[in-house]
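J.: Mind looking over this structure? Questions follow.
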Amino acid sequence: MPLSRRVAPLLVVAGLLAPATAVAAPSPSTCPPGVGVGLVEIPKGTKDPRAKEYVVDHVAPGAHFSRRFQVCNGTSKPLRLVLYAGAAHVANGSFLIDAGHAVNELSGWIRVEPSTLTVAPGQRALARATFAVPADAEQGERYAVLVAERPAPPGTPGIPVTSRVGVRVYLDVGPGGAEKSDFAVDSLQASRTVDGKGQVTAQVHNTGKRAIDITGSLSLRDGPGGQTGGPYPARLGTTLAPAETEPVIVPIDLAISDGPWTARLTLTSGLVERRVQAELTFPSVPGTSAAPVDVEKLPAASENEIRPGRSLALVLLALLSMAGLAAVRRRRSGRTADESGAP
Amino acid sequence: MRTSLVLAATAVLCALVGVATPADAACTGGDTTCSNIQFTVTGGVISINAPTSATASSTVSSSGGSLAIDLGNTVVTDLRVPTTGWSVTATASDFTTSGGTIPKTDSAFSVPNAPTSVAGCTSFPTRVTTPLSVNSSGTTPAAILTCTAVGTNNATYNPRLTITIPASSTAGVYTGTVTQSAS
């Protein structure tokens, strides 16, 4: 009980730092070349780091909500932009924006205002996407994009080229909590490229019900003579739809010795982290691959680390420590008074 | 003594809020009352800067052949401090002339050369070098270029449109539109 009394004012402080309605368009100096778009609102409950870039949400059927986003003119002339919710889908390891003003179920639930606007050079403007999920919407994740389109100017000679840039929307609809996000690393395979460099290929399988965006790295240890290597960043940056399997390639940009090595691969998507380990031996002959090997699953590194999301636990720990310290001090100061001794 | 302890603890939380990510700071420790509150982040943007037109530099015989048209240097800049990176897709419309149509599925896109002026992209896991035809809805069925990045980044690339001209096409000047999309 004393603990909750202490925590309550702290949350008020956090609330004051984050007013619901304050919007200050960021400084124009950070408007990069061309037409830009970015979210300016994040739902308070979201812990998924992807939510800073994309609309990544789980909502119940019938939900209504909105997100503000900014558009930005990084050219030297006024830009007339067209804003809309476009259809998108996830396939072949990519998040794909559909052609033209194509509409899918999700984009049909989104209204973007304003739909056209002219932005002065170097300036930004705010727009709002309002989501109205029908009460009878079926369960599942859907994809769309909040598009800022720079149409080719009328009368453009040659082939007019339109450019579009968008905020991805991954909206999961269903009762209760969000659908499970998960993936598995099925195998690791060591290869040697034609120019003699090492390469590890992991088969990643989306075992959850939502699309995932994967990043990660690989480390090598226990090599010949106790050598270690890495971490080597994984070459992915792709988006996997539920049930899709795609290779994740980790290039090792040197002529690494054959091994054997103990390889540890850590991959993350949002809040999900998977670590696996396997013994790999690189083939001696350039342009060949060893057989894929099964992996041993390891506990996620984050389970042993302190992360920002656990700040409340840290605060509670700090509070408890301070309370303990205070108790010790009280006892000591009491004893000091009684004993009239030096501290 | 108790009062000063609470104040000190408040200061500790403020400091943590300052370093935590906004999404984390907003709702921690199972707090269920904050889910409807939104707040502003001074988020960056992802931008694309592409030439607004491209010109075919040659004429193709109406008995068939193909045209390769470079769309010109295109810059994608990502200041969102991304966790994964970005991808580019391309779309084409039908190309038409009086009495003739070259269907969109005869258009294909590629990024023949490695990106230049690269900052922050640790790799380009996808770079389509063999022209990738658009599907019947006019979109490339996969990204033509993806950048892996954890943090702000930018890259310049020159996409190429390849149009396969069907044999016995109507002679004429064809017009159509292409689109590049980054997200």
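As shown in the structure tokens, the chain order sets the letters A, B, ...; within each chain, residues go from 1, and ligands are also counted from 1 in the order they appear.
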Find the residues around segment 159-163 of chain B up to 7 Å (only C-alpha atoms counted), leave out those fewer than 2 positions away in its own chain, and share them as a list in words.

T.: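 That gives Ser66, Leu67, Ala68, Ile69, Asp70, Leu71, Gly72, Asp106, Ser107, Ala108, Phe109, Ser110, Val111, Pro131, Tyr157 and Ile165 of chain B.
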
J.: Enumerate, in order of chain and increasing residue number, the residues of segment 117-172 of chain B with an atom no farther than 8 Å from segment 80-103 of chain A, each with its shortest atom pair and distance in Å to one decimal, counting only C-alpha atoms, as CSV.

T.:
residue,atom,partner,partner_atom,distance
B:Ser137,CA,A:Ala99,CA,6.6
B:Gly138,CA,A:Ala99,CA,5.8
B:Thr139,CA,A:Ala99,CA,5.5
B:Pro141,CA,A:Asn92,CA,7.5
B:Ala142,CA,A:Asn92,CA,5.9
B:Ala143,CA,A:Ser94,CA,5.9

J.: Mind the document's chain letters and residue numbers, and return as a ChimeraX atom specification the residues of segment 92-210 of chain A that DSSP labels strand (DSSP E or B).

T.: /A:94-97,110-113,116-119,124-132,140-150,159-173,183-192,198-206

J.: What's around Val118 of chain B at 10 Å? Count only C-alpha atoms, leave out sequence neighbours fewer than 2 positions away in its own chain, and write the answer as a count of residues only.

T.: 16

J.: Interatomic distance between atom CA of Asp78 of chain B and atom CA of Pro32 of chain A?

T.: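 One can read the atom CA of Asp78 of chain B to atom CA of Pro32 of chain A distance as 8.2 Å.
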
J.: Can you tell me, as a PyMOL selection string, what residues are no more than 7 Å from Val133 of chain A when counting only C-alpha atoms, ignoring any on the same chain fewer than 4 positions away?

T.: chain A and resi 61-64+109+137

J.: Given only C-alpha atoms as the basis, pick out the residue of B:Ser181, B:Thr126, B:Ser169, B:Thr59 nearest to Pro112 of chain B.

T.: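 Closest to Pro112 of chain B, using only C-alpha atoms: B:Thr126.
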
J.: Could you give me, as a list in words, the residues within 9 Å of segment 204-211 of chain A, counting only C-alpha atoms and dropping anything in the same chain fewer than 6 positions from it?

T.: Val90, Gly140, Glu141, Arg142, Tyr170, Asp172, Glu179, Lys180, Ser181, Asp182, Phe183, Ala184, Val185, Asp186, Ser187, Thr239, Leu240, Ala241, Pro242, Ala243, Glu244, Thr245, Glu246, Pro247 and Val248 of chain A

J.: Selection from above, N, CA and C atoms, as a PDB file, in the first residue's frame, can you write it?

T.:
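Contents of out-v2.pdb, freshly written:
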ATOM      1  N   VAL A  90       1.447  -8.014 -47.783  1.00  0.00           N
ATOM      2  CA  VAL A  90       2.769  -8.547 -47.468  1.00  0.00           C
ATOM      3  C   VAL A  90       2.938  -9.833 -48.269  1.00  0.00           C
ATOM      4  N   GLY A 140      -8.234 -10.819 -37.502  1.00  0.00           N
ATOM      5  CA  GLY A 140      -7.045 -10.994 -38.340  1.00  0.00           C
ATOM      6  C   GLY A 140      -6.310  -9.692 -38.568  1.00  0.00           C
ATOM      7  N   GLU A 141      -5.094  -9.809 -39.087  1.00  0.00           N
ATOM      8  CA  GLU A 141      -4.274  -8.623 -39.348  1.00  0.00           C
ATOM      9  C   GLU A 141      -4.448  -8.189 -40.802  1.00  0.00           C
ATOM     10  N   ARG A 142      -4.469  -6.890 -40.995  1.00  0.00           N
ATOM     11  CA  ARG A 142      -4.640  -6.320 -42.329  1.00  0.00           C
ATOM     12  C   ARG A 142      -3.580  -5.236 -42.548  1.00  0.00           C
ATOM     13  N   TYR A 170      -0.219  -1.771 -39.886  1.00  0.00           N
ATOM     14  CA  TYR A 170      -0.429  -3.191 -39.583  1.00  0.00           C
ATOM     15  C   TYR A 170      -1.533  -3.203 -38.526  1.00  0.00           C
ATOM     16  N   ASP A 172      -4.319  -5.217 -36.466  1.00  0.00           N
ATOM     17  CA  ASP A 172      -4.834  -6.526 -36.071  1.00  0.00           C
ATOM     18  C   ASP A 172      -6.187  -6.306 -35.401  1.00  0.00           C
ATOM     19  N   GLU A 179      -3.186 -10.660 -31.283  1.00  0.00           N
ATOM     20  CA  GLU A 179      -2.811 -11.978 -31.786  1.00  0.00           C
ATOM     21  C   GLU A 179      -1.317 -12.173 -31.559  1.00  0.00           C
ATOM     22  N   LYS A 180      -0.941 -13.408 -31.441  1.00  0.00           N
ATOM     23  CA  LYS A 180       0.447 -13.729 -31.134  1.00  0.00           C
ATOM     24  C   LYS A 180       1.381 -13.374 -32.302  1.00  0.00           C
ATOM     25  N   SER A 181       2.500 -12.704 -31.950  1.00  0.00           N
ATOM     26  CA  SER A 181       3.584 -12.505 -32.918  1.00  0.00           C
ATOM     27  C   SER A 181       4.676 -13.486 -32.556  1.00  0.00           C
ATOM     28  N   ASP A 182       5.110 -14.285 -33.477  1.00  0.00           N
ATOM     29  CA  ASP A 182       6.174 -15.224 -33.141  1.00  0.00           C
ATOM     30  C   ASP A 182       6.855 -15.702 -34.422  1.00  0.00           C
ATOM     31  N   PHE A 183       8.083 -16.153 -34.255  1.00  0.00           N
ATOM     32  CA  PHE A 183       8.766 -16.752 -35.390  1.00  0.00           C
ATOM     33  C   PHE A 183       9.772 -17.759 -34.878  1.00  0.00           C
ATOM     34  N   ALA A 184      10.230 -18.617 -35.760  1.00  0.00           N
ATOM     35  CA  ALA A 184      11.197 -19.646 -35.391  1.00  0.00           C
ATOM     36  C   ALA A 184      12.313 -19.648 -36.419  1.00  0.00           C
ATOM     37  N   VAL A 185      13.510 -19.978 -35.942  1.00  0.00           N
ATOM     38  CA  VAL A 185      14.638 -20.183 -36.852  1.00  0.00           C
ATOM     39  C   VAL A 185      14.731 -21.688 -37.063  1.00  0.00           C
ATOM     40  N   ASP A 186      14.468 -22.131 -38.272  1.00  0.00           N
ATOM     41  CA  ASP A 186      14.381 -23.569 -38.520  1.00  0.00           C
ATOM     42  C   ASP A 186      15.755 -24.216 -38.684  1.00  0.00           C
ATOM     43  N   SER A 187      16.682 -23.513 -39.337  1.00  0.00           N
ATOM     44  CA  SER A 187      18.007 -24.125 -39.568  1.00  0.00           C
ATOM     45  C   SER A 187      19.031 -23.042 -39.881  1.00  0.00           C
ATOM     46  N   THR A 239       9.833  -8.096 -44.647  1.00  0.00           N
ATOM     47  CA  THR A 239       8.635  -8.292 -43.839  1.00  0.00           C
ATOM     48  C   THR A 239       8.079  -9.667 -44.185  1.00  0.00           C
ATOM     49  N   LEU A 240       7.840 -10.460 -43.166  1.00  0.00           N
ATOM     50  CA  LEU A 240       7.328 -11.814 -43.379  1.00  0.00           C
ATOM     51  C   LEU A 240       5.853 -11.875 -43.004  1.00  0.00           C
ATOM     52  N   ALA A 241       5.037 -12.348 -43.913  1.00  0.00           N
ATOM     53  CA  ALA A 241       3.626 -12.549 -43.608  1.00  0.00           C
ATOM     54  C   ALA A 241       3.478 -13.806 -42.754  1.00  0.00           C
ATOM     55  N   PRO A 242       2.359 -13.930 -42.014  1.00  0.00           N
ATOM     56  CA  PRO A 242       2.130 -15.145 -41.236  1.00  0.00           C
ATOM     57  C   PRO A 242       2.294 -16.382 -42.120  1.00  0.00           C
ATOM     58  N   ALA A 243       2.969 -17.398 -41.572  1.00  0.00           N
ATOM     59  CA  ALA A 243       3.204 -18.698 -42.222  1.00  0.00           C
ATOM     60  C   ALA A 243       4.264 -18.648 -43.316  1.00  0.00           C
ATOM     61  N   GLU A 244       4.764 -17.460 -43.664  1.00  0.00           N
ATOM     62  CA  GLU A 244       5.809 -17.378 -44.692  1.00  0.00           C
ATOM     63  C   GLU A 244       7.156 -17.817 -44.102  1.00  0.00           C
ATOM     64  N   THR A 245       8.003 -18.392 -44.930  1.00  0.00           N
ATOM     65  CA  THR A 245       9.381 -18.704 -44.550  1.00  0.00           C
ATOM     66  C   THR A 245      10.298 -18.010 -45.539  1.00  0.00           C
ATOM     67  N   GLU A 246      11.299 -17.324 -45.018  1.00  0.00           N
ATOM     68  CA  GLU A 246      12.244 -16.633 -45.897  1.00  0.00           C
ATOM     69  C   GLU A 246      13.654 -16.851 -45.365  1.00  0.00           C
ATOM     70  N   PRO A 247      14.645 -16.873 -46.247  1.00  0.00           N
ATOM     71  CA  PRO A 247      16.015 -16.954 -45.760  1.00  0.00           C
ATOM     72  C   PRO A 247      16.500 -15.603 -45.244  1.00  0.00           C
ATOM     73  N   VAL A 248      17.219 -15.653 -44.143  1.00  0.00           N
ATOM     74  CA  VAL A 248      17.899 -14.460 -43.633  1.00  0.00           C
ATOM     75  C   VAL A 248      19.384 -14.716 -43.822  1.00  0.00           C
TER      76      VAL A 248
END

J.: Rounded to one decimal in Å, what is the spacing between atom CA of Ile110 of chain A and atom CA of Val71 of chain A?

T.: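 Distance between the two atoms: 17.3 Å.
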
J.: Check the smallest atom-to-atom distance from each of A:Val169, A:Val272, A:Leu39, A:Val56 to Gln70 of chain A using only C-alpha atoms, then report the winner.

T.: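 With only C-alpha atoms as the atom set, the closest residue is A:Leu39.
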
J.: For segment 150-166 of chain A, work out the shell of residues within 6 Å, counting only C-alpha atoms and skipping chain neighbours fewer than 6 positions away, then give it as a PyMOL selection string.

T.: (chain A and resi 81) or (chain B and resi 52-55+177-183)

J.: Would you mind reading off the distance between atom CA of Leu146 of chain A and atom CA of Arg127 of chain B, one decimal, in Å?

T.: 24.5 Å

J.: Do a neighbour search on Pro233 of chain A at 8 Å with only C-alpha atoms, toss out local chain neighbours closer than 4 positions, and write the hits as a PyMOL selection string.

T.: (chain A and resi 216-218+250-251) or (chain B and resi 122)

J.: Using N, CA and C atoms, can you export the residues from the last selection as a short mmCIF file (atom, residue, chain, number, x, y, z; two decimals), in the first residue's frame?

T.:
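Saved to selection.cif:
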data_model
loop_
_atom_site.label_atom_id
_atom_site.label_comp_id
_atom_site.auth_asym_id
_atom_site.auth_seq_id
_atom_site.Cartn_x
_atom_site.Cartn_y
_atom_site.Cartn_z
N GLY A 216 18.71 -8.44 -36.80
CA GLY A 216 19.50 -9.25 -35.89
C GLY A 216 20.94 -9.37 -36.31
N SER A 217 21.67 -10.23 -35.59
CA SER A 217 23.09 -10.42 -35.89
C SER A 217 23.55 -11.81 -35.46
N LEU A 218 24.72 -12.18 -35.96
CA LEU A 218 25.30 -13.50 -35.69
C LEU A 218 26.70 -13.33 -35.11
N VAL A 250 23.36 -13.81 -43.43
CA VAL A 250 24.34 -13.05 -42.65
C VAL A 250 25.67 -13.14 -43.39
N PRO A 251 26.09 -12.07 -44.07
CA PRO A 251 27.38 -12.11 -44.76
C PRO A 251 28.52 -11.93 -43.75
N THR B 122 23.01 -0.65 -43.76
CA THR B 122 24.09 -1.62 -43.59
C THR B 122 24.12 -2.62 -44.73
#

J.: Which is closest to Leu79 of chain A among A:Asp48, A:Glu138, A:Glu105, A:Glu149, if we use only C-alpha atoms?

T.: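 Of the candidates, the smallest distance to Leu79 of chain A is held by A:Glu149.
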